[in-house]
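protein-v3.cif (mmCIF, C-alpha atoms)
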data_final
#
loop_
_atom_site.label_atom_id
_atom_site.label_comp_id
_atom_site.auth_asym_id
_atom_site.auth_seq_id
_atom_site.Cartn_x
_atom_site.Cartn_y
_atom_site.Cartn_z
CA MET A 1 77.20 70.12 89.69
CA ARG A 2 75.27 73.39 89.53
CA ARG A 3 76.59 75.60 92.34
CA VAL A 4 80.22 76.22 93.20
CA LEU A 5 80.83 78.44 96.22
CA VAL A 6 84.26 80.02 96.58
CA VAL A 7 84.90 81.63 99.97
CA GLY A 8 87.73 84.10 99.54
CA ALA A 9 87.92 86.61 96.68
CA SER A 10 91.63 87.16 96.30
CA ALA A 11 94.22 85.50 94.06
CA ALA A 12 93.37 81.87 94.90
CA GLY A 13 89.61 82.33 94.75
CA LEU A 14 89.78 84.20 91.48
CA ALA A 15 92.11 81.61 89.92
CA THR A 16 89.62 78.91 90.90
CA ALA A 17 86.68 80.74 89.35
CA GLU A 18 88.59 81.64 86.20
CA THR A 19 89.78 78.07 85.67
CA LEU A 20 86.30 76.65 86.21
CA ARG A 21 85.10 78.81 83.31
CA ARG A 22 88.14 77.99 81.16
CA GLU A 23 87.42 74.30 81.65
CA GLY A 24 83.87 74.80 80.46
CA TYR A 25 81.87 74.86 83.69
CA GLU A 26 78.70 76.87 83.03
CA GLY A 27 76.88 76.62 86.38
CA GLU A 28 76.74 79.17 89.18
CA ILE A 29 79.91 80.46 90.78
CA THR A 30 79.57 82.60 93.89
CA LEU A 31 82.60 84.42 95.32
CA VAL A 32 82.46 85.58 98.91
CA GLY A 33 85.03 88.17 100.03
CA ALA A 34 85.53 89.78 103.43
CA GLU A 35 87.09 92.87 101.86
CA PRO A 36 84.77 95.20 99.94
CA ARG A 37 87.04 95.15 96.87
CA LEU A 38 87.37 93.21 93.67
CA PRO A 39 90.43 90.91 93.64
CA TYR A 40 93.70 92.82 93.80
CA ASP A 41 97.36 91.94 93.89
CA ARG A 42 99.12 91.97 97.25
CA PRO A 43 102.87 91.68 96.56
CA PRO A 44 103.11 95.32 95.39
CA LEU A 45 101.64 96.52 98.70
CA SER A 46 105.02 96.30 100.44
CA LYS A 47 106.81 97.51 97.31
CA GLN A 48 105.39 99.97 94.77
CA ILE A 49 102.30 100.96 96.78
CA LEU A 50 104.23 101.63 99.97
CA ALA A 51 106.82 103.53 97.94
CA GLY A 52 104.08 105.66 96.41
CA GLU A 53 105.16 104.65 92.90
CA TRP A 54 101.84 103.14 91.85
CA ASP A 55 98.22 104.16 92.20
CA SER A 56 96.06 101.50 93.74
CA ASP A 57 94.10 100.95 90.51
CA ARG A 58 97.19 99.22 89.10
CA LEU A 59 96.58 96.35 91.53
CA ALA A 60 93.45 95.00 89.84
CA LEU A 61 94.07 91.34 89.08
CA ARG A 62 91.77 91.41 86.05
CA SER A 63 90.11 94.12 83.99
CA ASP A 64 86.44 94.87 84.64
CA ASP A 65 85.60 93.46 81.19
CA ARG A 66 87.35 90.20 81.96
CA LEU A 67 85.64 89.86 85.32
CA ALA A 68 82.26 90.58 83.75
CA SER A 69 82.85 87.87 81.14
CA LEU A 70 83.30 85.30 83.91
CA ASN A 71 79.68 85.76 85.00
CA LEU A 72 80.30 85.47 88.73
CA ASP A 73 77.98 86.18 91.64
CA TRP A 74 80.02 88.48 93.90
CA ARG A 75 79.35 88.76 97.63
CA LEU A 76 81.98 91.26 98.71
CA GLY A 77 82.38 92.99 102.06
CA THR A 78 80.92 90.08 103.99
CA ALA A 79 82.91 87.36 105.71
CA ALA A 80 81.87 83.74 106.08
CA THR A 81 80.99 82.88 109.67
CA GLY A 82 80.20 79.18 109.62
CA LEU A 83 80.06 75.97 107.62
CA ASP A 84 77.47 73.21 107.87
CA LEU A 85 78.95 70.28 105.98
CA SER A 86 75.90 68.04 106.15
CA ALA A 87 73.53 70.77 104.96
CA HIS A 88 76.05 72.01 102.35
CA GLU A 89 75.67 75.56 103.61
CA VAL A 90 77.95 78.47 104.45
CA GLY A 91 76.73 81.20 106.80
CA LEU A 92 77.69 84.82 106.16
CA GLU A 93 78.26 87.82 108.42
CA ASP A 94 75.16 89.52 107.05
CA GLY A 95 72.99 86.68 108.38
CA SER A 96 72.32 85.03 105.04
CA SER A 97 73.48 81.59 104.04
CA LEU A 98 74.57 80.08 100.75
CA GLY A 99 74.16 76.50 99.59
CA TYR A 100 76.67 74.71 97.39
CA ASP A 101 77.37 71.54 95.50
CA ALA A 102 81.13 72.11 95.78
CA LEU A 103 82.92 74.44 98.19
CA VAL A 104 86.34 76.05 97.81
CA ILE A 105 87.95 77.54 100.91
CA ALA A 106 90.35 80.34 100.01
CA THR A 107 90.08 82.66 103.00
CA GLY A 108 93.80 83.39 103.25
CA VAL A 109 95.60 84.63 106.32
CA ARG A 110 95.66 87.70 108.50
CA PRO A 111 98.63 89.35 110.21
CA ARG A 112 99.60 88.29 113.69
CA ARG A 113 99.60 91.19 116.11
CA LEU A 114 101.19 92.16 119.40
CA PRO A 115 99.48 93.47 122.51
CA GLY A 116 98.94 97.23 122.35
CA GLU A 117 97.06 99.73 120.18
CA GLY A 118 98.05 101.81 117.19
CA ALA A 119 100.71 99.71 115.48
CA HIS A 120 100.44 99.09 111.74
CA VAL A 121 100.16 95.74 110.02
CA LEU A 122 100.51 95.17 106.28
CA ARG A 123 98.13 92.81 104.54
CA THR A 124 95.44 94.82 102.77
CA LEU A 125 95.49 97.83 100.48
CA ASP A 126 94.05 99.95 103.30
CA ASP A 127 96.92 98.81 105.56
CA ALA A 128 99.48 99.83 102.93
CA LEU A 129 97.90 103.22 102.25
CA ALA A 130 97.66 103.94 105.98
CA LEU A 131 101.33 103.16 106.52
CA ARG A 132 102.34 105.08 103.40
CA SER A 133 100.59 108.22 104.61
CA CYS A 134 102.57 108.13 107.88
CA ILE A 135 106.07 107.90 106.41
CA GLU A 136 108.01 111.05 105.60
CA PRO A 137 111.71 111.84 105.58
CA GLY A 138 112.89 111.60 109.16
CA THR A 139 109.96 109.52 110.42
CA ARG A 140 111.19 107.10 113.07
CA LEU A 141 109.79 103.73 112.03
CA VAL A 142 110.22 100.57 114.06
CA VAL A 143 109.60 97.35 112.15
CA VAL A 144 108.98 94.32 114.34
CA GLY A 145 110.03 91.21 112.44
CA ALA A 146 112.72 90.85 109.77
CA GLY A 147 110.92 88.34 107.56
CA PHE A 148 110.34 89.08 103.89
CA LEU A 149 107.46 91.49 104.54
CA GLY A 150 109.27 93.41 107.27
CA ALA A 151 112.47 93.49 105.21
CA GLU A 152 110.69 94.84 102.11
CA ALA A 153 108.86 97.49 104.12
CA ALA A 154 112.09 98.52 105.85
CA ALA A 155 113.86 98.86 102.50
CA VAL A 156 111.06 100.99 101.05
CA ALA A 157 110.89 103.16 104.17
CA ARG A 158 114.64 103.81 103.95
CA GLY A 159 114.10 104.86 100.35
CA LEU A 160 111.50 107.34 101.58
CA GLY A 161 114.00 108.79 104.03
CA ALA A 162 112.65 107.27 107.23
CA GLU A 163 114.91 106.34 110.13
CA VAL A 164 114.28 102.62 110.36
CA THR A 165 114.90 100.23 113.23
CA VAL A 166 114.22 96.54 112.66
CA LEU A 167 113.76 94.24 115.64
CA GLU A 168 114.08 90.51 115.14
CA PRO A 169 113.94 87.78 117.80
CA ALA A 170 116.13 85.30 115.89
CA PRO A 171 119.92 85.72 115.90
CA VAL A 172 119.92 85.79 112.07
CA PRO A 173 116.95 87.15 110.10
CA LEU A 174 115.24 84.66 107.77
CA ALA A 175 117.51 81.83 108.91
CA HIS A 176 114.54 79.45 109.19
CA ALA A 177 113.47 80.30 105.63
CA VAL A 178 116.72 80.58 103.66
CA GLY A 179 119.42 79.35 106.05
CA PRO A 180 121.82 81.34 108.26
CA GLU A 181 124.41 81.95 105.51
CA VAL A 182 121.99 83.61 103.11
CA GLY A 183 120.04 85.26 105.93
CA ALA A 184 123.20 86.96 107.16
CA VAL A 185 124.00 88.26 103.67
CA LEU A 186 120.50 89.71 103.24
CA ALA A 187 120.70 91.27 106.71
CA GLN A 188 123.99 92.95 105.81
CA ALA A 189 122.24 94.80 102.97
CA HIS A 190 119.92 96.42 105.50
CA VAL A 191 122.81 97.48 107.71
CA GLU A 192 124.65 98.98 104.73
CA ASN A 193 121.50 100.87 103.78
CA GLY A 194 121.32 102.52 107.17
CA VAL A 195 118.82 100.29 108.98
CA ASP A 196 119.41 99.85 112.70
CA LEU A 197 118.99 96.07 112.76
CA ARG A 198 118.79 94.52 116.21
CA THR A 199 118.64 90.74 116.39
CA GLY A 200 117.94 88.49 119.35
CA VAL A 201 115.35 91.03 120.53
CA SER A 202 111.89 89.99 121.71
CA VAL A 203 109.11 92.55 121.62
CA ALA A 204 106.38 92.33 124.25
CA SER A 205 104.00 95.02 123.01
CA ALA A 206 103.63 97.60 120.27
CA GLU A 207 101.76 100.87 120.30
CA ARG A 208 101.69 104.11 118.39
CA GLY A 209 104.53 105.68 120.36
CA GLY A 210 106.94 102.77 120.29
CA VAL A 211 107.56 99.22 121.40
CA ARG A 212 108.23 97.61 124.74
CA LEU A 213 110.85 94.87 124.66
CA ALA A 214 110.62 91.72 126.73
CA SER A 215 113.62 93.05 128.65
CA GLY A 216 111.52 96.04 129.73
CA GLU A 217 113.34 98.54 127.52
CA PHE A 218 111.11 100.97 125.59
CA ILE A 219 112.06 102.03 122.07
CA ALA A 220 110.29 105.21 121.04
CA ALA A 221 109.05 105.57 117.46
CA ASP A 222 106.69 107.70 115.40
CA GLU A 223 105.25 104.62 113.71
CA VAL A 224 105.43 100.90 114.35
CA LEU A 225 104.91 98.13 111.80
CA VAL A 226 104.31 94.65 113.16
CA ALA A 227 105.38 92.02 110.60
CA ILE A 228 105.66 88.83 112.62
CA GLY A 229 103.86 86.43 110.35
CA SER A 230 100.28 85.43 109.72
CA SER A 231 97.51 83.17 110.97
CA PRO A 232 95.19 81.26 108.63
CA ASN A 233 91.60 82.48 108.61
CA THR A 234 89.98 79.25 109.79
CA GLU A 235 87.95 80.37 112.83
CA TRP A 236 84.74 80.23 110.80
CA LEU A 237 85.37 76.52 110.25
CA GLU A 238 85.65 75.59 113.91
CA GLY A 239 83.22 72.83 114.79
CA SER A 240 82.49 72.17 111.11
CA GLY A 241 84.16 68.75 111.20
CA LEU A 242 87.00 69.78 108.89
CA THR A 243 90.48 69.15 110.21
CA ILE A 244 92.17 72.43 111.10
CA ASP A 245 95.87 72.37 111.97
CA ASN A 246 97.58 75.64 111.13
CA GLY A 247 95.46 75.76 107.99
CA VAL A 248 92.72 73.66 106.41
CA VAL A 249 94.18 70.17 106.18
CA CYS A 250 93.82 68.60 102.73
CA ASP A 251 95.11 65.56 100.92
CA GLU A 252 97.37 65.70 97.88
CA TYR A 253 94.35 66.60 95.71
CA CYS A 254 93.56 69.65 97.89
CA VAL A 255 90.43 67.87 99.15
CA ALA A 256 89.47 68.71 102.75
CA ALA A 257 86.25 66.64 102.74
CA PRO A 258 84.10 65.20 99.93
CA GLY A 259 83.21 68.16 97.70
CA VAL A 260 85.24 70.59 99.83
CA TYR A 261 88.58 71.97 98.66
CA ALA A 262 91.09 74.53 99.90
CA ALA A 263 93.52 76.75 98.00
CA GLY A 264 96.05 79.47 98.67
CA ASP A 265 97.53 80.71 101.95
CA VAL A 266 94.89 78.96 104.07
CA ALA A 267 95.43 75.47 102.64
CA ARG A 268 97.68 72.87 104.22
CA TRP A 269 98.07 70.01 101.82
CA HIS A 270 100.37 67.11 101.20
CA ASN A 271 102.81 67.93 98.40
CA PRO A 272 103.88 64.56 96.98
CA LEU A 273 106.86 66.08 95.16
CA PHE A 274 108.49 66.69 98.55
CA ASP A 275 106.43 64.17 100.51
CA ALA A 276 105.71 66.98 102.97
CA SER A 277 102.74 68.74 104.48
CA MET A 278 102.91 72.35 103.35
CA ARG A 279 101.11 75.64 103.73
CA ILE A 280 102.59 78.17 101.34
CA GLU A 281 102.00 81.91 101.67
CA HIS A 282 103.34 82.92 98.28
CA ARG A 283 101.59 84.64 95.43
CA THR A 284 102.32 82.04 92.77
CA ASN A 285 101.02 79.20 94.89
CA ALA A 286 97.66 80.93 95.28
CA ALA A 287 97.15 80.94 91.51
CA GLU A 288 98.54 77.45 90.91
CA GLN A 289 96.54 75.88 93.70
CA GLY A 290 93.34 77.67 92.69
CA MET A 291 93.77 76.31 89.17
CA ALA A 292 94.49 72.80 90.44
CA VAL A 293 91.45 72.86 92.72
CA ALA A 294 89.17 73.92 89.87
CA ARG A 295 90.36 71.03 87.71
CA ASN A 296 90.01 68.45 90.47
CA LEU A 297 86.61 69.80 91.41
CA LEU A 298 85.40 69.21 87.86
CA ASN A 299 87.05 65.78 87.63
CA PRO A 300 86.51 64.19 91.05
CA ASP A 301 86.89 60.68 89.64
CA ALA A 302 90.28 61.41 88.07
CA PRO A 303 91.92 64.00 90.31
CA LYS A 304 95.54 65.01 89.88
CA PRO A 305 97.90 65.46 92.83
CA PHE A 306 98.94 69.06 93.37
CA ALA A 307 102.73 68.74 93.29
CA PRO A 308 104.18 72.17 92.53
CA VAL A 309 107.70 73.48 92.94
CA PRO A 310 107.00 76.49 95.18
CA TYR A 311 108.35 79.84 93.98
CA PHE A 312 108.81 83.19 95.63
CA TRP A 313 110.57 86.44 95.00
CA SER A 314 111.39 89.47 97.11
CA ASP A 315 112.67 92.93 96.19
CA GLN A 316 114.84 94.73 98.72
CA TYR A 317 116.94 97.78 97.78
CA ASP A 318 118.61 96.80 94.51
CA MET A 319 118.41 93.09 95.31
CA LYS A 320 116.02 90.76 93.56
CA ILE A 321 115.73 87.51 95.44
CA GLN A 322 114.18 84.51 93.70
CA ALA A 323 113.74 81.01 95.02
CA TYR A 324 112.27 77.73 93.85
CA GLY A 325 111.58 74.66 95.90
CA TYR A 326 111.20 73.88 99.57
CA LEU A 327 114.06 75.40 101.47
CA ARG A 328 112.82 74.78 105.01
CA GLY A 329 114.52 72.00 106.89
CA HIS A 330 117.49 71.86 104.51
CA GLN A 331 120.75 70.43 105.79
CA GLU A 332 123.28 72.11 103.55
CA ILE A 333 123.70 74.82 100.96
CA ALA A 334 126.20 75.07 98.14
CA ILE A 335 127.04 78.24 96.24
CA VAL A 336 127.13 77.16 92.59
CA GLU A 337 127.54 80.59 91.04
CA GLY A 338 128.86 83.97 92.21
CA ASP A 339 129.75 85.04 95.67
CA LEU A 340 127.71 85.38 98.88
CA ALA A 341 129.48 88.47 100.16
CA ALA A 342 129.03 90.29 96.84
CA ARG A 343 125.29 89.60 97.03
CA GLY A 344 125.37 88.04 93.57
CA PHE A 345 125.03 84.29 93.89
CA LEU A 346 123.04 81.16 93.27
CA ALA A 347 122.64 78.82 96.24
CA LEU A 348 121.42 75.23 96.08
CA TYR A 349 119.71 73.65 99.09
CA ARG A 350 120.12 70.00 100.01
CA ASN A 351 117.53 67.97 101.88
CA GLY A 352 118.48 64.32 102.29
CA ASP A 353 120.08 63.41 98.98
CA ARG A 354 117.87 65.73 96.97
CA VAL A 355 118.19 69.17 95.46
CA ALA A 356 115.29 70.64 97.41
CA GLY A 357 115.64 74.30 96.56
CA VAL A 358 117.52 77.06 94.81
CA LEU A 359 117.83 80.72 95.66
CA GLY A 360 119.36 83.44 93.53
CA VAL A 361 120.31 86.99 94.41
CA GLY A 362 121.62 89.40 91.82
CA VAL A 363 121.92 86.76 89.11
CA SER A 364 119.97 86.53 85.91
CA PRO A 365 116.55 85.03 86.70
CA LYS A 366 117.07 82.93 83.60
CA ALA A 367 119.98 81.27 85.37
CA VAL A 368 117.76 80.23 88.27
CA ARG A 369 115.08 78.53 86.22
CA PRO A 370 117.04 75.45 85.06
CA TRP A 371 117.44 74.50 88.71
CA ARG A 372 113.69 74.50 89.07
CA GLN A 373 113.71 71.61 86.64
CA ALA A 374 116.29 69.78 88.75
CA ILE A 375 113.98 70.15 91.76
CA ALA A 376 110.89 69.07 89.82
CA THR A 377 112.65 65.93 88.59
CA ARG A 378 113.91 65.02 92.08
CA THR A 379 117.55 65.29 91.09
CA ALA A 380 119.89 63.63 93.56
CA TRP A 381 122.37 65.94 95.26
CA SER A 382 125.10 63.38 94.69
CA ASP A 383 124.47 63.60 90.94
CA ILE A 384 125.32 67.30 90.80
CA GLU A 385 128.83 68.05 89.63
CA PHE A 386 129.91 70.96 91.73
CA ASN A 387 132.50 73.18 90.12
CA ILE A 388 132.82 75.60 92.96
CA GLY A 389 135.62 78.05 92.45
CA ASN A 390 136.03 77.21 88.77
CA MET B 1 93.73 86.35 69.89
CA ARG B 2 96.31 88.99 70.84
CA VAL B 3 98.45 89.17 73.94
CA GLU B 4 99.75 92.25 75.77
CA LEU B 5 102.48 92.46 78.37
CA ASP B 6 102.62 95.23 80.99
CA GLU B 7 106.40 95.23 81.20
CA PRO B 8 106.82 97.54 84.23
CA LYS B 9 104.67 95.15 86.23
CA CYS B 10 106.71 92.06 85.34
CA VAL B 11 108.55 90.53 88.30
CA ALA B 12 110.75 88.25 86.18
CA SER B 13 109.36 85.02 87.57
CA GLY B 14 109.52 83.33 84.17
CA GLN B 15 106.23 81.51 84.78
CA CYS B 16 104.94 82.64 81.37
CA VAL B 17 107.99 81.20 79.60
CA MET B 18 107.32 77.83 81.17
CA ALA B 19 103.64 77.95 80.20
CA ALA B 20 104.07 79.24 76.63
CA PRO B 21 107.73 79.12 75.54
CA ASP B 22 106.96 80.01 71.93
CA VAL B 23 105.18 83.24 72.91
CA PHE B 24 107.24 84.54 75.86
CA ASP B 25 110.93 84.82 76.66
CA GLN B 26 112.95 86.56 79.37
CA ARG B 27 115.66 89.19 78.95
CA GLU B 28 119.05 87.84 79.86
CA GLU B 29 120.10 90.70 82.14
CA ASP B 30 117.09 91.17 84.43
CA GLY B 31 114.71 88.36 83.54
CA VAL B 32 111.90 90.70 82.52
CA ALA B 33 109.61 88.99 80.06
CA PHE B 34 109.13 89.99 76.44
CA LEU B 35 106.82 88.81 73.70
CA LEU B 36 108.10 86.71 70.83
CA THR B 37 104.80 87.42 69.08
CA GLU B 38 101.74 89.52 69.87
CA GLN B 39 99.53 87.41 67.64
CA VAL B 40 98.62 84.13 69.27
CA GLU B 41 98.08 81.18 66.96
CA PRO B 42 95.25 78.76 67.78
CA GLY B 43 97.69 76.08 68.89
CA GLN B 44 99.27 78.48 71.39
CA GLU B 45 96.08 79.73 73.00
CA GLU B 46 95.92 77.21 75.82
CA GLY B 47 99.47 77.93 76.93
CA VAL B 48 98.93 81.69 76.77
CA ARG B 49 95.76 81.46 78.84
CA GLU B 50 97.72 79.43 81.36
CA ALA B 51 100.44 82.09 81.36
CA GLU B 52 97.92 84.86 81.92
CA GLN B 53 96.52 83.06 84.92
CA ILE B 54 99.80 81.97 86.43
CA CYS B 55 101.60 85.32 86.08
CA PRO B 56 102.23 86.40 89.69
CA ALA B 57 102.23 90.06 88.65
CA ALA B 58 99.00 90.05 86.61
CA ALA B 59 101.10 91.57 83.83
CA ILE B 60 99.64 89.55 80.93
CA ARG B 61 96.42 90.48 79.17
CA LEU B 62 94.62 88.56 76.48
CA LEU B 63 92.55 90.33 73.90
CA GLU B 64 90.09 88.01 72.24
CA ALA B 65 89.77 88.59 68.52
#
Let's see the structure in the file written out as structure tokens.
Amino acid sequence: MRRVLVVGASAAGLATAETLRREGYEGEITLVGAEPRLPYDRPPLSKQILAGEWDSDRLALRSDDRLASLNLDWRLGTAATGLDLSAHEVGLEDGSSLGYDALVIATGVRPRRLPGEGAHVLRTLDDALALRSCIEPGTRLVVVGAGFLGAEAAAVARGLGAEVTVLEPAPVPLAHAVGPEVGAVLAQAHVENGVDLRTGVSVASAERGGVRLASGEFIAADEVLVAIGSSPNTEWLEGSGLTIDNGVVCDEYCVAAPGVYAAGDVARWHNPLFDASMRIEHRTNAAEQGMAVARNLLNPDAPKPFAPVPYFWSDQYDMKIQAYGYLRGHQEIAIVEGDLAARGFLALYRNGDRVAGVLGVGVSPKAVRPWRQAIATRTAWSDIEFNIGN
Amino acid sequence: MRVELDEPKCVASGQCVMAAPDVFDQREEDGVAFLLTEQVEPGQEEGVREAEQICPAAAIRLLEA
């Protein structure tokens, strides 16, 4: 093994490269990035950067000294355009091609858009700075989509004095992610903070001056943010022979093909801890999966399954939301601490007879962590002694 | 080796505590991490490197001696 090629120079790609070095790999590592920037952190984009609290130089994932010590060959500002598996070659936008002995695909996702021109999306630093520069007290902002990104942006925009309308097609925001009970509680926080939240509303198009609903109604706005989810960046892999199905399909070792791995938002892999095919768009997973890929890449004869307990957090108004596990598809929740309506609670999620997830709002993060262990050890739901109301 | 924590960046995920429980802990009230020691002993280095990498806020910095 002399040449490792990592396509994608954000959190997952960097974690891969860093772990390869930590594990003693001394050969070439080339990092290809579509954005012309060194790796930076994205979660603050919809928080401190949008709020204007931080300068963008605080987003650097590693210091320049640290990056230099990794001895990486950077190819930034050029996207990959094709993969030839048999020739072990990746083609780049600038017309060049790179050979490899092992390939790591970490090309992430990009925002889904709506028909129309002039609406904002929020994925890159440039996106965040562009939106930030348009928001002043009194700005009428329409946010399409009440997922975590839309909800965080709406909360920040309210803090900046904007008049915020949030449009969401589902009857309860985030119901698919955290369940209707918790989704309703989080939605109530937006209403209490002055957001005009409209659910059950489908948006047909978005442009600078407003949005057109599927019903034909037009809602005027000064600025529009479209936050309706993301699509994996896999177009460059079409026809390569890799299996693409809403992400690069991998086995439990994050292997997409012999010598080819995927990590981060773009990777769909089989998580044996939940016996489920997953693609996780959370910050922590990018680092964990990049690290796991690096280790398996260096030990192909003794690979370890990547079986994490997913984790995410979200900051909205004064709420810190933290969750461990796999909440999707749950059948039941139980409040084991606090009170939903008071927005200070700890909710457990049942899937089958397992504790599949936990979500805390307004409780000590230290109180959430023990439940992570229960999830990691496949604790049976029927073994939990619920003391609700005690 | 020394370790530094950029406290305002911390998002209270507790990942560092799981990776290196004898170097990091979390405040009870808000979960923000704090250092139990700035000086990292040789036996703790692997866990602290893991913590630096896994921190979802890039709030941990290692300073090689």
If we count only C-alpha atoms and set the cut-off at 10 Å, which residues sit around Glu41 (chain B), ignoring sequence neighbours fewer than 4 positions away in its own chain? Please answer as a compact mmCIF listing (two decimals) with C-alpha atoms, in the frame of the given file.
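Below you can see result_11.txt, which holds the result:
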# COMPACT_ATOMS: atom_id res chain seq x y z
CA MET B 1 93.73 86.35 69.89
CA ARG B 2 96.31 88.99 70.84
CA VAL B 23 105.18 83.24 72.91
CA THR B 37 104.80 87.42 69.08
CA GLU B 45 96.08 79.73 73.00
CA GLU B 46 95.92 77.21 75.82
CA VAL B 48 98.93 81.69 76.77
Using only C-alpha atoms, give me every residue within 9 Å of (107.7, 87.9, 88.5) in file coordinates, as an mmCIF file with C-alpha atoms, in the coordinates of the input.
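Result saved to out38.cif:
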data_model
loop_
_atom_site.group_PDB
_atom_site.id
_atom_site.type_symbol
_atom_site.label_atom_id
_atom_site.label_comp_id
_atom_site.auth_asym_id
_atom_site.auth_seq_id
_atom_site.Cartn_x
_atom_site.Cartn_y
_atom_site.Cartn_z
ATOM 1 C CA PHE A 312 108.810 83.190 95.630
ATOM 2 C CA TRP A 313 110.570 86.440 95.000
ATOM 3 C CA GLN A 322 114.180 84.510 93.700
ATOM 4 C CA LYS B 9 104.670 95.150 86.230
ATOM 5 C CA CYS B 10 106.710 92.060 85.340
ATOM 6 C CA VAL B 11 108.550 90.530 88.300
ATOM 7 C CA ALA B 12 110.750 88.250 86.180
ATOM 8 C CA SER B 13 109.360 85.020 87.570
ATOM 9 C CA GLY B 14 109.520 83.330 84.170
ATOM 10 C CA GLN B 15 106.230 81.510 84.780
ATOM 11 C CA GLY B 31 114.710 88.360 83.540
ATOM 12 C CA VAL B 32 111.900 90.700 82.520
ATOM 13 C CA ALA B 33 109.610 88.990 80.060
ATOM 14 C CA CYS B 55 101.600 85.320 86.080
ATOM 15 C CA PRO B 56 102.230 86.400 89.690
ATOM 16 C CA ALA B 57 102.230 90.060 88.650
ATOM 17 C CA ALA B 59 101.100 91.570 83.830
#
Centre and size of axis-aligned box enclosing region 35-38 of chain B plus 5 Å each side, as AutoDock Vina command-line options:
--center_x 104.9 --center_y 88.1 --center_z 71.4 --size_x 16.4 --size_y 12.8 --size_z 14.6
Q) Would you list which chain B residues are within 7 Å of chain A using all atoms listed in the file, as a ChimeraX atom specification? A) /B:12,26,28-31,53-54,56,58
Q: Tell me, as a ChimeraX atom specification, which residues lie within 7 Å of region 130-138 of chain A, counting only C-alpha atoms; anything in the same chain fewer than 3 positions away does not count.
A: /A:50,120,126-127,160-163
Q: Extract, using all atoms listed in the file, all DNA, RNA and protein residues at most 8 Å from Phe24 (chain B), discarding same-chain residues fewer than 2 positions from it, and format them as a VMD selection string.
A: chain B and resid 16 to 17 20 to 22 26 33 to 37
Restricting the output to C-alpha atoms, write the selected residues as a compact mmCIF listing (two decimals), in the coordinates of the input.
# COMPACT_ATOMS: atom_id res chain seq x y z
CA CYS B 16 104.94 82.64 81.37
CA VAL B 17 107.99 81.20 79.60
CA ALA B 20 104.07 79.24 76.63
CA PRO B 21 107.73 79.12 75.54
CA ASP B 22 106.96 80.01 71.93
CA GLN B 26 112.95 86.56 79.37
CA ALA B 33 109.61 88.99 80.06
CA PHE B 34 109.13 89.99 76.44
CA LEU B 35 106.82 88.81 73.70
CA LEU B 36 108.10 86.71 70.83
CA THR B 37 104.80 87.42 69.08
Q.
List the spatial neighbours of Arg212 (chain A) as an NGL selection string - criterion: any atom at most 12 Å away, only C-alpha atoms, same-chain residues fewer than 3 positions off excluded.
A. :A and (114-116 or 142 or 144 or 167 or 201-209 or 215-221 or 224)
If you count only C-alpha atoms, which residues fall within 7 Å of Val104 (chain A), apart from same-chain ones fewer than 5 positions away, as a compact mmCIF listing (two decimals) with C-alpha atoms, in the coordinates of the input?
# COMPACT_ATOMS: atom_id res chain seq x y z
CA LEU A 5 80.83 78.44 96.22
CA VAL A 6 84.26 80.02 96.58
CA VAL A 7 84.90 81.63 99.97
CA VAL A 260 85.24 70.59 99.83
CA TYR A 261 88.58 71.97 98.66
CA ALA A 262 91.09 74.53 99.90
Q.
Distance cut-off 7 Å, centre (118.9, 74.9, 104.4) in file coordinates, counting only C-alpha atoms: which residues qualify? Return them as a ChimeraX atom specification.
A. /A:178-179,327-333,349-350
**Q.** Best match for closeness to Ala51 (chain B) among B:Met18, B:Glu38, B:Glu4, B:Asp25, counting all atoms listed in the file
**A.**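 Of B:Met18, B:Glu38, B:Glu4, B:Asp25, the one nearest Ala51 (chain B), counting all atoms listed in the file, is B:Met18.
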Q) With all atoms listed in the file as the atoms that count, which of A:Glu181, A:Glu238, A:Asp318, A:Glu168 lies nearest to Leu213 (chain A)? A) A:Glu168
**Q.** Answer key for the PyMOL selection byres ((chain B and resi 63) around 7), residues as a PyMOL selection string
**A.** chain B and resi 1-3+61-62+64-65
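Nearest residue to Asp73 (chain A) among A:Gly108, A:Pro232, A:Pro180, A:Gly33 is A:Gly33, counting only C-alpha atoms.
For the structure in this document, the set picked by the PyMOL selection byres ((chain A and resi 89) around 12) is Arg3, Val4, Leu5, Val6, Val7, Ala80, Thr81, Gly82, Leu83, Asp84, Leu85, Ser86, Ala87, His88, Val90, Gly91, Leu92, Ser96, Ser97, Leu98, Gly99, Tyr100, Asp101, Ala102, Leu103, Leu237, Ser240 and Val260 of chain A.
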Q: Kindly resolve the PyMOL selection byres ((chain A and resi 306) around 6) on the present coordinates and return the residues as a ChimeraX atom specification.
A: /A:252-253,305,307
Q: To one decimal in Å, tell me the separation between CA of Ala334 (chain A) and CA of Leu359 (chain A).
A: 10.4 Å
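Atom pair CA of Ala12 (chain A) / CA of Gly264 (chain A): separated by 5.2 Å.
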Q: In Å, rounded to a single decimal, give me how far CA of Lys47 (chain A) is from CA of Ile335 (chain A).
A: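 Value for the CA of Ile335 (chain A)-CA of Lys47 (chain A) distance: 28.0 Å.
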